[in-house]
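Data block for run02.tsv (TSV, C-alpha atoms and all ligand atoms):
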```tsv
chain	number	residue	atom	x	y	z
A	1	MET	CA	104.81	110.21	113.47
A	2	ASP	CA	101.28	109.36	112.35
A	3	GLN	CA	101.10	106.01	110.66
A	4	ASN	CA	99.26	105.45	107.42
A	5	LEU	CA	97.92	102.03	108.41
A	6	ARG	CA	97.15	100.25	105.17
A	7	VAL	CA	97.00	96.62	106.29
A	8	PRO	CA	93.76	94.78	105.54
A	9	GLY	CA	92.60	95.01	109.15
A	10	PRO	CA	92.83	96.21	111.80
A	11	THR	CA	91.79	99.39	110.02
A	12	PRO	CA	92.44	102.94	111.22
A	13	LEU	CA	89.99	104.15	113.85
A	14	PRO	CA	88.07	107.36	113.16
A	15	GLN	CA	88.51	109.92	115.94
A	16	GLU	CA	84.88	109.44	117.00
A	17	VAL	CA	85.46	105.69	117.43
A	18	ARG	CA	88.62	106.27	119.44
A	19	GLU	CA	86.77	108.58	121.78
A	20	ALA	CA	83.87	106.15	122.16
A	21	GLN	CA	86.24	103.28	122.97
A	22	SER	CA	87.77	105.21	125.82
A	23	ALA	CA	84.43	105.93	127.52
A	24	PRO	CA	83.99	104.81	131.15
A	25	MET	CA	83.03	101.18	131.70
A	26	ILE	CA	79.39	100.19	132.14
A	27	ASP	CA	77.59	97.20	133.63
A	28	HIS	CA	77.25	94.53	130.94
A	29	ARG	CA	74.10	93.29	132.69
A	30	GLY	CA	72.42	96.72	132.70
A	31	THR	CA	69.93	98.50	130.46
A	32	GLU	CA	72.52	100.79	128.85
A	33	PHE	CA	74.40	97.75	127.60
A	34	ALA	CA	71.19	96.07	126.42
A	35	GLU	CA	70.31	99.11	124.33
A	36	MET	CA	73.76	99.17	122.78
A	37	LEU	CA	73.74	95.45	121.96
A	38	GLY	CA	70.32	95.78	120.34
A	39	GLU	CA	71.27	98.85	118.33
A	40	ILE	CA	74.45	97.26	116.95
A	41	SER	CA	72.71	93.98	116.05
A	42	ARG	CA	69.83	95.73	114.30
A	43	GLY	CA	72.22	98.05	112.46
A	44	LEU	CA	74.33	95.12	111.28
A	45	ALA	CA	71.21	93.25	110.16
A	46	THR	CA	70.27	96.24	107.99
A	47	LEU	CA	73.78	96.51	106.58
A	48	ILE	CA	73.93	92.84	105.58
A	49	GLY	CA	70.34	92.45	104.43
A	50	THR	CA	68.87	90.02	106.92
A	51	SER	CA	65.79	89.79	109.08
A	52	GLY	CA	67.47	87.01	111.08
A	53	ASP	CA	69.65	87.05	114.19
A	54	VAL	CA	72.95	88.89	114.29
A	55	LEU	CA	75.01	87.85	117.32
A	56	LEU	CA	77.95	89.72	118.81
A	57	LEU	CA	80.66	87.52	120.26
A	58	THR	CA	83.86	88.42	122.01
A	59	GLY	CA	86.82	87.18	120.04
A	60	SER	CA	88.51	87.70	116.70
A	61	GLY	CA	87.10	86.64	113.34
A	62	SER	CA	88.70	83.19	113.58
A	63	GLY	CA	86.64	82.54	116.70
A	64	ALA	CA	83.52	83.23	114.67
A	65	LEU	CA	84.73	80.83	111.97
A	66	GLU	CA	84.97	78.19	114.68
A	67	ALA	CA	81.51	79.16	115.97
A	68	ALA	CA	80.11	78.78	112.45
A	69	VAL	CA	81.48	75.25	112.19
A	70	VAL	CA	80.67	73.88	115.63
A	71	ASN	CA	77.15	75.28	115.70
A	72	THR	CA	75.96	73.76	112.43
A	73	LEU	CA	77.83	70.47	112.03
A	74	SER	CA	78.39	67.08	113.60
A	75	PRO	CA	81.56	64.97	113.52
A	76	GLY	CA	81.61	62.95	110.30
A	77	ASP	CA	79.48	65.41	108.30
A	78	ARG	CA	80.64	65.76	104.72
A	79	VAL	CA	81.80	69.33	104.18
A	80	LEU	CA	83.23	71.02	101.11
A	81	GLY	CA	85.76	73.78	101.78
A	82	VAL	CA	86.04	76.05	98.76
A	83	THR	CA	89.50	77.51	99.19
A	84	ILE	CA	90.99	80.30	97.09
A	85	GLY	CA	93.70	81.34	99.56
A	86	SER	CA	94.96	81.11	103.11
A	87	PHE	CA	91.72	82.10	104.86
A	88	GLY	CA	89.73	79.50	102.94
A	89	ASP	CA	92.33	76.98	104.08
A	90	ARG	CA	91.88	78.12	107.69
A	91	PHE	CA	88.11	77.63	107.51
A	92	ALA	CA	88.54	74.09	106.13
A	93	LYS	CA	91.18	73.33	108.77
A	94	ILE	CA	88.82	74.34	111.58
A	95	ALA	CA	86.09	72.05	110.24
A	96	SER	CA	88.59	69.16	110.02
A	97	ALA	CA	89.84	69.80	113.54
A	98	PHE	CA	86.31	69.31	114.88
A	99	GLY	CA	85.87	66.03	113.04
A	100	ALA	CA	84.03	67.00	109.86
A	101	ASP	CA	84.83	64.91	106.80
A	102	VAL	CA	86.27	67.81	104.82
A	103	GLU	CA	86.97	67.78	101.12
A	104	ARG	CA	88.58	70.75	99.46
A	105	PHE	CA	87.59	72.44	96.25
A	106	GLU	CA	90.90	74.14	95.69
A	107	VAL	CA	91.27	77.05	93.33
A	108	PRO	CA	94.77	78.34	92.53
A	109	TRP	CA	95.67	81.36	94.68
A	110	GLY	CA	94.91	84.61	92.87
A	111	GLU	CA	91.81	83.26	91.18
A	112	ALA	CA	88.15	83.25	92.16
A	113	ALA	CA	86.00	80.11	92.39
A	114	ASP	CA	84.00	79.43	89.24
A	115	PRO	CA	80.29	78.79	89.95
A	116	ALA	CA	79.94	76.38	86.99
A	117	ALA	CA	82.93	74.32	88.14
A	118	LEU	CA	81.54	74.23	91.68
A	119	ALA	CA	78.14	73.14	90.35
A	120	ALA	CA	79.81	70.32	88.41
A	121	HIS	CA	81.75	69.23	91.50
A	122	LEU	CA	78.62	69.18	93.66
A	123	ALA	CA	76.72	67.18	91.05
A	124	ALA	CA	79.51	64.60	90.74
A	125	ASN	CA	79.93	63.89	94.47
A	126	PRO	CA	77.82	62.49	97.28
A	127	ASN	CA	75.81	65.19	99.06
A	128	TYR	CA	77.57	67.62	101.35
A	129	ARG	CA	76.05	68.88	104.59
A	130	ALA	CA	77.68	72.30	104.20
A	131	VAL	CA	79.86	74.27	101.82
A	132	LEU	CA	82.34	76.74	103.31
A	133	LEU	CA	82.91	79.83	101.17
A	134	THR	CA	85.11	82.92	101.53
A	135	HIS	CA	83.52	86.11	100.26
A	136	ASN	CA	86.70	88.16	100.08
A	137	GLU	CA	90.03	86.33	100.24
A	138	THR	CA	92.30	88.75	102.08
A	139	SER	CA	95.47	86.78	101.33
A	140	THR	CA	95.18	87.37	97.58
A	141	GLY	CA	92.88	90.38	97.16
A	142	VAL	CA	90.31	88.31	95.29
A	143	THR	CA	86.55	88.63	95.74
A	144	ASN	CA	84.50	85.53	94.98
A	145	PRO	CA	81.24	85.80	93.00
A	146	LEU	CA	79.42	84.93	96.21
A	147	ARG	CA	75.88	85.43	95.04
A	148	GLU	CA	76.37	82.97	92.16
A	149	LEU	CA	78.31	80.49	94.29
A	150	ALA	CA	75.64	80.55	96.99
A	151	GLN	CA	72.97	79.91	94.38
A	152	VAL	CA	74.88	76.92	93.02
A	153	VAL	CA	75.25	75.46	96.50
A	154	HIS	CA	71.58	75.96	97.30
A	155	ASP	CA	70.56	74.31	94.07
A	156	GLY	CA	73.10	71.51	94.54
A	157	PRO	CA	72.24	67.95	95.60
A	158	GLY	CA	70.96	67.91	99.17
A	159	SER	CA	70.96	71.73	99.27
A	160	PRO	CA	73.99	72.04	101.58
A	161	LEU	CA	74.24	74.84	104.10
A	162	VAL	CA	75.91	77.96	102.72
A	163	VAL	CA	78.44	79.03	105.36
A	164	VAL	CA	80.42	82.16	104.58
A	165	ASP	CA	83.56	83.86	105.85
A	166	GLY	CA	82.59	87.48	105.24
A	167	ILE	CA	85.27	88.86	107.53
A	168	SER	CA	87.04	91.27	105.18
A	169	GLY	CA	84.05	92.06	102.98
A	170	LEU	CA	80.98	92.62	105.10
A	171	GLY	CA	79.88	96.24	105.23
A	172	ALA	CA	82.16	97.30	102.38
A	173	MET	CA	80.77	95.43	99.42
A	174	PRO	CA	77.37	94.25	98.17
A	175	PHE	CA	76.01	91.51	100.40
A	176	GLU	CA	72.38	90.43	100.73
A	177	MET	CA	72.18	87.65	103.28
A	178	ASP	CA	68.52	86.72	102.91
A	179	SER	CA	68.02	87.14	99.19
A	180	TRP	CA	71.29	85.38	98.33
A	181	GLY	CA	70.35	82.44	100.55
A	182	ILE	CA	73.33	82.68	102.92
A	183	ASP	CA	72.79	80.47	105.96
A	184	LEU	CA	75.55	81.75	108.17
A	185	VAL	CA	78.05	84.57	107.76
A	186	VAL	CA	80.72	85.85	110.09
A	187	SER	CA	82.75	89.03	110.28
A	188	ALA	CA	84.73	91.06	112.81
A	189	SER	CA	84.85	94.55	114.30
A	190	GLN	CA	88.31	95.51	113.04
A	191	LYS	CA	87.53	95.38	109.34
A	192	ALA	CA	85.03	97.60	107.47
A	193	PHE	CA	83.23	98.42	110.72
A	194	MET	CA	86.09	100.71	111.84
A	195	ALA	CA	86.38	99.52	115.45
A	196	ALA	CA	89.25	97.89	117.33
A	197	PRO	CA	89.69	94.09	117.15
A	198	GLY	CA	87.75	92.07	119.72
A	199	ILE	CA	84.17	91.61	118.57
A	200	ALA	CA	83.19	88.87	116.16
A	201	ILE	CA	79.88	88.92	114.34
A	202	ALA	CA	77.75	85.91	113.36
A	203	ALA	CA	74.46	86.10	111.47
A	204	LEU	CA	72.28	83.01	111.08
A	205	SER	CA	69.35	82.07	108.85
A	206	GLU	CA	66.42	79.94	109.98
A	207	ARG	CA	68.00	76.97	108.20
A	208	ALA	CA	71.20	77.51	110.18
A	209	TRP	CA	69.20	77.45	113.43
A	210	GLN	CA	67.56	74.19	112.37
A	211	ALA	CA	71.00	72.74	111.73
A	212	ASN	CA	72.06	74.05	115.11
A	213	GLY	CA	69.35	71.96	116.75
A	214	SER	CA	70.97	68.71	115.62
A	215	ALA	CA	74.65	69.77	115.42
A	216	ARG	CA	76.78	67.64	117.76
A	217	MET	CA	80.21	69.24	117.58
A	218	PRO	CA	81.44	70.27	121.04
A	219	ARG	CA	80.95	73.90	121.98
A	220	VAL	CA	80.77	75.97	125.13
A	221	TYR	CA	82.24	79.45	124.69
A	222	TRP	CA	81.08	79.58	121.06
A	223	ASP	CA	77.60	78.16	121.66
A	224	LEU	CA	75.40	80.38	119.48
A	225	ALA	CA	72.09	79.09	120.87
A	226	GLU	CA	73.33	80.24	124.26
A	227	ALA	CA	74.34	83.60	122.76
A	228	ARG	CA	70.88	83.95	121.22
A	229	THR	CA	69.14	83.23	124.51
A	230	TRP	CA	71.21	85.89	126.25
A	231	ALA	CA	70.86	88.38	123.39
A	232	ALA	CA	67.08	88.21	123.83
A	233	LYS	CA	67.72	89.66	127.30
A	234	GLY	CA	70.13	92.28	125.95
A	235	GLN	CA	73.16	90.45	127.27
A	236	THR	CA	75.96	88.11	126.29
A	237	PRO	CA	76.67	84.81	128.06
A	238	TRP	CA	80.22	85.84	128.96
A	239	THR	CA	81.82	89.19	129.79
A	240	PRO	CA	81.99	91.00	126.45
A	241	ALA	CA	84.63	93.41	125.08
A	242	VAL	CA	82.50	96.38	126.14
A	243	SER	CA	84.92	99.07	124.93
A	244	VAL	CA	85.10	97.55	121.47
A	245	LEU	CA	81.30	97.51	121.38
A	246	PHE	CA	81.33	101.26	122.18
A	247	GLY	CA	83.48	101.75	119.10
A	248	LEU	CA	81.53	99.32	116.95
A	249	ARG	CA	78.31	101.17	117.73
A	250	VAL	CA	79.84	104.33	116.28
A	251	GLY	CA	81.20	102.47	113.26
A	252	VAL	CA	77.84	100.90	112.52
A	253	ARG	CA	76.04	104.23	112.97
A	254	ARG	CA	78.40	105.85	110.49
A	255	LEU	CA	77.76	103.13	107.93
A	256	ILE	CA	73.99	103.36	108.40
A	257	GLU	CA	74.15	107.15	107.99
A	258	GLU	CA	76.25	106.85	104.86
A	259	GLY	CA	73.89	104.26	103.38
A	260	ARG	CA	74.83	100.79	102.12
A	261	GLU	CA	74.98	101.65	98.41
A	262	GLN	CA	77.06	104.76	99.08
A	263	THR	CA	79.50	102.81	101.25
A	264	TRP	CA	79.84	100.14	98.58
A	265	ALA	CA	80.35	102.81	95.88
A	266	ARG	CA	82.97	104.59	98.00
A	267	HIS	CA	84.91	101.38	98.50
A	268	ALA	CA	84.67	100.52	94.80
A	269	ALA	CA	85.92	103.99	93.81
A	270	ILE	CA	88.79	103.91	96.31
A	271	ALA	CA	89.76	100.40	95.21
A	272	ALA	CA	89.77	101.43	91.54
A	273	ALA	CA	92.00	104.39	92.42
A	274	VAL	CA	94.43	102.24	94.42
A	275	GLN	CA	94.59	99.64	91.66
A	276	ALA	CA	95.34	102.39	89.12
A	277	GLY	CA	97.94	103.95	91.41
A	278	LEU	CA	99.82	100.70	92.00
A	279	GLU	CA	99.73	99.86	88.30
A	280	ALA	CA	101.05	103.34	87.51
A	281	LEU	CA	103.99	102.57	89.80
A	282	GLY	CA	104.72	99.59	87.58
A	283	LEU	CA	103.34	96.91	89.90
A	284	ARG	CA	101.34	93.99	88.53
A	285	LEU	CA	98.15	93.23	90.43
A	286	VAL	CA	97.43	89.69	91.57
A	287	ALA	CA	93.67	89.52	90.98
A	288	PRO	CA	92.11	89.43	87.53
A	289	PRO	CA	90.09	92.62	86.82
A	290	ALA	CA	86.70	90.92	87.24
A	291	HIS	CA	87.51	89.69	90.75
A	292	ARG	CA	89.52	92.54	92.28
A	293	SER	CA	88.60	93.19	95.86
A	294	PRO	CA	87.07	96.50	96.97
A	295	THR	CA	88.82	96.19	100.35
A	296	VAL	CA	92.34	94.86	99.73
A	297	THR	CA	94.66	95.01	96.74
A	298	ALA	CA	97.51	92.55	96.34
A	299	ALA	CA	100.38	93.24	93.95
A	300	TRP	CA	103.44	91.23	92.94
A	301	LEU	CA	106.75	92.61	94.10
A	302	PRO	CA	108.92	93.51	91.11
A	303	GLU	CA	111.63	91.01	90.16
A	304	GLY	CA	114.70	91.51	92.35
A	305	LEU	CA	113.00	93.64	95.03
A	306	GLU	CA	113.58	92.22	98.49
A	307	TRP	CA	110.54	92.53	100.71
A	308	ALA	CA	112.21	92.96	104.11
A	309	PRO	CA	114.32	96.08	103.38
A	310	PHE	CA	111.63	97.58	101.15
A	311	ASN	CA	109.00	97.08	103.85
A	312	ALA	CA	111.32	98.46	106.55
A	313	ALA	CA	111.92	101.59	104.46
A	314	MET	CA	108.17	102.15	103.97
A	315	ARG	CA	107.58	101.64	107.68
A	316	ALA	CA	110.30	104.15	108.54
A	317	LYS	CA	108.22	106.67	106.56
A	318	GLY	CA	105.02	105.72	108.38
A	319	LEU	CA	103.47	103.59	105.64
A	320	ILE	CA	102.35	100.22	106.94
A	321	VAL	CA	101.26	97.66	104.36
A	322	ALA	CA	101.06	93.87	104.68
A	323	GLY	CA	103.23	91.26	103.05
A	324	GLY	CA	102.24	87.92	101.57
A	325	GLN	CA	101.08	84.92	103.57
A	326	GLY	CA	102.25	81.32	103.39
A	327	ALA	CA	103.92	80.47	100.11
A	328	TRP	CA	103.45	84.06	98.96
A	329	ALA	CA	105.52	85.61	101.77
A	330	GLY	CA	108.17	87.84	100.17
A	331	ARG	CA	106.42	87.71	96.79
A	332	ILE	CA	103.48	90.10	97.15
A	333	LEU	CA	102.39	93.14	99.11
A	334	ARG	CA	98.84	93.73	100.30
A	335	PHE	CA	97.31	97.16	100.62
A	336	GLY	CA	94.15	97.52	102.71
A	337	HIS	CA	91.45	100.07	101.86
A	338	MET	CA	88.38	99.31	103.94
A	339	GLY	CA	86.50	101.20	106.62
A	340	GLY	CA	86.72	104.96	107.00
A	341	VAL	CA	88.92	105.30	103.93
A	342	GLY	CA	89.33	108.46	101.88
A	343	ILE	CA	91.26	109.23	98.71
A	344	ASP	CA	93.87	111.45	100.40
A	345	GLU	CA	95.42	108.70	102.56
A	346	MET	CA	95.41	106.36	99.56
A	347	CYS	CA	97.29	108.88	97.41
A	348	GLU	CA	99.78	109.52	100.19
A	349	ALA	CA	100.38	105.78	100.59
A	350	VAL	CA	100.97	105.32	96.88
A	351	ARG	CA	103.26	108.36	96.81
A	352	VAL	CA	105.41	106.95	99.64
A	353	MET	CA	105.44	103.51	98.06
A	354	GLY	CA	106.52	104.96	94.69
A	355	GLU	CA	109.27	107.01	96.30
A	356	THR	CA	110.51	103.94	98.20
A	357	LEU	CA	110.40	101.77	95.09
A	358	ALA	CA	112.58	104.33	93.30
A	359	GLU	CA	115.04	104.35	96.21
A	360	HIS	CA	115.26	100.57	95.92
A	361	GLY	CA	116.20	100.58	92.25
A	362	HIS	CA	112.72	100.37	90.73
A	363	PRO	CA	112.09	103.73	89.10
A	364	ALA	CA	108.53	104.95	89.53
A	365	ASP	CA	106.76	108.28	89.04
A	366	PRO	CA	104.71	108.77	92.21
A	367	ALA	CA	103.34	112.14	91.08
A	368	ALA	CA	101.92	110.61	87.90
A	369	ALA	CA	100.47	107.71	89.91
A	370	VAL	CA	98.72	110.11	92.27
A	371	ARG	CA	97.33	112.13	89.35
A	372	ALA	CA	95.93	108.93	87.82
A	373	MET	CA	94.32	108.01	91.14
A	374	ARG	CA	92.65	111.37	91.64
A	375	ALA	CA	91.37	111.48	88.08
A	376	LEU	CA	89.88	108.03	88.42
A	377	PHE	CA	88.35	108.71	91.80
A	378	GLU	CA	86.83	112.01	90.69
A	379	ALA	CA	85.29	110.31	87.68
A	380	ARG	CA	83.82	107.60	89.91
A	381	GLN	CA	82.69	109.62	92.91
A	382	PRO	CA	82.82	113.40	92.41
A	383	ALA	CA	80.86	114.24	95.54
A	384	ALA	CA	83.34	112.64	97.93
A	385	VAL	CA	86.54	114.23	96.62
A	386	GLY	CA	88.62	116.21	99.02
A	401	LIG	C1	88.88	86.58	105.13
A	401	LIG	C2	89.40	86.48	106.52
A	401	LIG	N1	89.07	85.41	107.25
A	401	LIG	C3	89.51	85.25	108.51
A	401	LIG	C4	90.32	86.19	109.10
A	401	LIG	C5	90.79	85.97	110.50
A	401	LIG	O1	90.25	86.93	111.32
A	401	LIG	P1	90.95	87.28	112.74
A	401	LIG	O2	92.34	87.68	112.41
A	401	LIG	O3	90.09	88.41	113.24
A	401	LIG	O4	90.87	86.07	113.57
A	401	LIG	C6	90.71	87.31	108.38
A	401	LIG	C7	91.62	88.31	108.97
A	401	LIG	O5	92.29	89.03	108.28
A	401	LIG	C8	90.22	87.46	107.07
A	401	LIG	O6	90.57	88.53	106.35
```

Would you mind writing the structure in this file as structure tokens?
Ligand SMILES: Cc1ncc(COP(=O)(O)O)c(C=O)c1O
Amino acid sequence: MDQNLRVPGPTPLPQEVREAQSAPMIDHRGTEFAEMLGEISRGLATLIGTSGDVLLLTGSGSGALEAAVVNTLSPGDRVLGVTIGSFGDRFAKIASAFGADVERFEVPWGEAADPAALAAHLAANPNYRAVLLTHNETSTGVTNPLRELAQVVHDGPGSPLVVVDGISGLGAMPFEMDSWGIDLVVSASQKAFMAAPGIAIAALSERAWQANGSARMPRVYWDLAEARTWAAKGQTPWTPAVSVLFGLRVGVRRLIEEGREQTWARHAAIAAAVQAGLEALGLRLVAPPAHRSPTVTAAWLPEGLEWAPFNAAMRAKGLIVAGGQGAWAGRILRFGHMGGVGIDEMCEAVRVMGETLAEHGHPADPAAAVRAMRALFEARQPAAVG
């Protein structure tokens, strides 16, 4: 049975990506590889709006979070971790583990960080060296107002570095690295870029490279200066995940062909349809309307619905969604809609979810939910229907 994989990454692989990933191996110190590395880096730079370096590392997104920390900071540096969910917590934890003096600006899960409150916090505290921000908090389906937050950090005392976890947002939603003043952002191949897991992405501003020059946290595998030196020769310092790069090249080409604004609009239209569909099934969404994510929607499980049997029943029908993390395990479900997503798979997922809800004592009208989704999607993006 084909699965309808609706977790917020890894995302389903388009056929073209699957074929590319199974191509014969090549020499990672040869010209063919150098061309591929250059093409992917340049394509990503276009997609995220930077004229700076975009480095491709072998590892998952968390590896790139670690790279972001150890390449810009020294033990004892004052760092503010703005956390709105479990991935913000992870970023702060990594900085602590490497000896940064981390304070947390904690926002209740399900909410976005408020730029004015962050500005007030920065003004009332001794200068920070860096502020860690999450663009899209995958554990709650909340998107932060990153542009405004980055501005506040830049304008804050000591102009701290703006270091961003863009893992589940990059490519799918508006992001302008240079004009928003982002110093370092990371992402990963298995999210909006439609490739398998295994390649992490790190983009650095000139200010981030200056910080790198004096950063004293220990690093070997994740040394970005080393990665930059090798990238200039069309190589990576260590053996890279070549097959994932084959797939990522196709994913990036597809996004470039579609065009950034169109990709963002497609994700926004799909997200609006999914939100409407889940609400039509009677589910209450976690995120407030102004901060709903274009890539992942989280919804509260109805009172009395047990996650494990409900999830098992959906899985038996081929629908794979994610549950809650940490304290929210068993309380929410998370529905991913990033990458090569189209309205048909979304409608099918909502239909199966509605049917399963009804079977578990929570009456829902899947047909009406699907009609609402299609109507909304057609109104938002007529050209892409079908
Ligand atoms: C916002 C965010 N940060 C970090 C990660 C961790 O990435 P990885 O699982 O690739 O290590 C994820 C993965 O879902 C994420 O969504």

Using all atoms listed in the file, what are the residues with an atom within 10 Å of ligand LIG 401 (chain A), set out as an mmCIF file with C-alpha atoms, in the coordinates of the input?
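The new file result.cif reads:
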```cif
data_model
loop_
_atom_site.group_PDB
_atom_site.id
_atom_site.type_symbol
_atom_site.label_atom_id
_atom_site.label_comp_id
_atom_site.auth_asym_id
_atom_site.auth_seq_id
_atom_site.Cartn_x
_atom_site.Cartn_y
_atom_site.Cartn_z
ATOM 1 C CA VAL A 7 97.000 96.620 106.290
ATOM 2 C CA PRO A 8 93.760 94.780 105.540
ATOM 3 C CA GLY A 9 92.600 95.010 109.150
ATOM 4 C CA PRO A 10 92.830 96.210 111.800
ATOM 5 C CA GLY A 59 86.820 87.180 120.040
ATOM 6 C CA SER A 60 88.510 87.700 116.700
ATOM 7 C CA GLY A 61 87.100 86.640 113.340
ATOM 8 C CA SER A 62 88.700 83.190 113.580
ATOM 9 C CA GLY A 63 86.640 82.540 116.700
ATOM 10 C CA ALA A 64 83.520 83.230 114.670
ATOM 11 C CA LEU A 65 84.730 80.830 111.970
ATOM 12 C CA GLU A 66 84.970 78.190 114.680
ATOM 13 C CA GLY A 85 93.700 81.340 99.560
ATOM 14 C CA SER A 86 94.960 81.110 103.110
ATOM 15 C CA PHE A 87 91.720 82.100 104.860
ATOM 16 C CA GLY A 88 89.730 79.500 102.940
ATOM 17 C CA ASP A 89 92.330 76.980 104.080
ATOM 18 C CA ARG A 90 91.880 78.120 107.690
ATOM 19 C CA PHE A 91 88.110 77.630 107.510
ATOM 20 C CA LEU A 133 82.910 79.830 101.170
ATOM 21 C CA THR A 134 85.110 82.920 101.530
ATOM 22 C CA HIS A 135 83.520 86.110 100.260
ATOM 23 C CA ASN A 136 86.700 88.160 100.080
ATOM 24 C CA GLU A 137 90.030 86.330 100.240
ATOM 25 C CA THR A 138 92.300 88.750 102.080
ATOM 26 C CA SER A 139 95.470 86.780 101.330
ATOM 27 C CA THR A 140 95.180 87.370 97.580
ATOM 28 C CA GLY A 141 92.880 90.380 97.160
ATOM 29 C CA THR A 143 86.550 88.630 95.740
ATOM 30 C CA VAL A 164 80.420 82.160 104.580
ATOM 31 C CA ASP A 165 83.560 83.860 105.850
ATOM 32 C CA GLY A 166 82.590 87.480 105.240
ATOM 33 C CA ILE A 167 85.270 88.860 107.530
ATOM 34 C CA SER A 168 87.040 91.270 105.180
ATOM 35 C CA GLY A 169 84.050 92.060 102.980
ATOM 36 C CA LEU A 170 80.980 92.620 105.100
ATOM 37 C CA VAL A 186 80.720 85.850 110.090
ATOM 38 C CA SER A 187 82.750 89.030 110.280
ATOM 39 C CA ALA A 188 84.730 91.060 112.810
ATOM 40 C CA SER A 189 84.850 94.550 114.300
ATOM 41 C CA GLN A 190 88.310 95.510 113.040
ATOM 42 C CA LYS A 191 87.530 95.380 109.340
ATOM 43 C CA PRO A 197 89.690 94.090 117.150
ATOM 44 C CA GLY A 198 87.750 92.070 119.720
ATOM 45 C CA ILE A 199 84.170 91.610 118.570
ATOM 46 C CA ALA A 200 83.190 88.870 116.160
ATOM 47 C CA THR A 295 88.820 96.190 100.350
ATOM 48 C CA VAL A 296 92.340 94.860 99.730
#
```

**Q.** Exercise: A:Ala232 partners within 12 Å, all atoms listed in the file, chain neighbours under 5 positions left out, as a ChimeraX atom specification
**A.** /A:34-35,37-38,41,53-55,225-227,237

Write a file of the just-selected residues containing C-alpha atoms, as a tab-separated table (two decimals), in the frame of the given file.
```
chain	number	residue	atom	x	y	z
A	34	ALA	CA	71.19	96.07	126.42
A	35	GLU	CA	70.31	99.11	124.33
A	37	LEU	CA	73.74	95.45	121.96
A	38	GLY	CA	70.32	95.78	120.34
A	41	SER	CA	72.71	93.98	116.05
A	53	ASP	CA	69.65	87.05	114.19
A	54	VAL	CA	72.95	88.89	114.29
A	55	LEU	CA	75.01	87.85	117.32
A	225	ALA	CA	72.09	79.09	120.87
A	226	GLU	CA	73.33	80.24	124.26
A	227	ALA	CA	74.34	83.60	122.76
A	237	PRO	CA	76.67	84.81	128.06
```

Q) Of the candidates A:Ser205, A:Ser214, A:Thr297, A:Gln275, which one gets nearest to A:Ser51 if we count only C-alpha atoms? A)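 So, comparing all the options, the nearest one is A:Ser205.
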
Could you build a table of the residues in stretch 290-342 of chain A lying no more than 8 Å from stretch 357-374 of chain A, giving for each the nearest pair of atoms and their separation in Å rounded to one decimal place, using all atoms listed in the file, ordered by chain and ascending residue number, as JSON lines?
```
{"residue": "A:Pro302", "atom": "CA", "partner": "A:His362", "partner_atom": "CA", "distance": 7.9}
{"residue": "A:Leu305", "atom": "CA", "partner": "A:His360", "partner_atom": "CA", "distance": 7.3}
{"residue": "A:Phe310", "atom": "CA", "partner": "A:His360", "partner_atom": "CA", "distance": 7.0}
```

(Q) Which residue is closest to A:His267? Choose from A:Gly339, A:Gly318, A:Pro240, A:Pro75 and count all atoms listed in the file. (A)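 That would be A:Gly339, the residue with the smallest distance to A:His267.
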
**Q.** Nearest to A:Leu204, chosen from A:Leu184, A:Met217, A:Ile343, A:Val274, with all atoms listed in the file counted in the distances
**A.** A:Leu184

Q: State, in Å with one decimal place, the distance from atom CA of A:Pro14 to atom CA of A:Leu248.
A: 11.0 Å

**Q.** Proximity to A:Ala112 - best of A:Met36, A:Lys317, A:Lys93, A:Arg292, all atoms listed in the file
**A.**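 Of A:Met36, A:Lys317, A:Lys93, A:Arg292, the one nearest A:Ala112 is A:Arg292, counting all atoms listed in the file.
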
Q | Exercise: residues within 6 Å of coordinate (87.0, 99.1, 120.6), counting all atoms listed in the file, as a list in words | A |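 Those residues lying close to the given coordinates are Gln21, Ala195, Ala196, Ser243, Val244, Leu245 and Gly247 of chain A.
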
Q: Give me the residues within 8 Å of stretch 249-260 of chain A as a PyMOL selection string, counting all atoms listed in the file and dropping any in the same chain fewer than 2 places off.
A: chain A and resi 16-17+20+36+39-40+43-44+47+171+193-195+245-247+262-264

**Q.** Pairwise distance for atom CA of A:Asp114 and atom CA of A:Pro288, rounded to one decimal in Å
**A.**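 We find that atom CA of A:Asp114 and atom CA of A:Pro288 lie 13.0 Å from each other.
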
Q. Which residues, protein or nucleic acid, reach to within 10 Å of (78.6, 78.6, 123.1) in the file's coordinates when using only C-alpha atoms, and can you give that as a PyMOL selection string?
A. chain A and resi 57+67+70-71+218-228+237-238

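Closest approach to A:Ala92 among A:Leu132, A:Ala23, A:Ala68, A:Leu319: A:Leu132, based on all atoms listed in the file.
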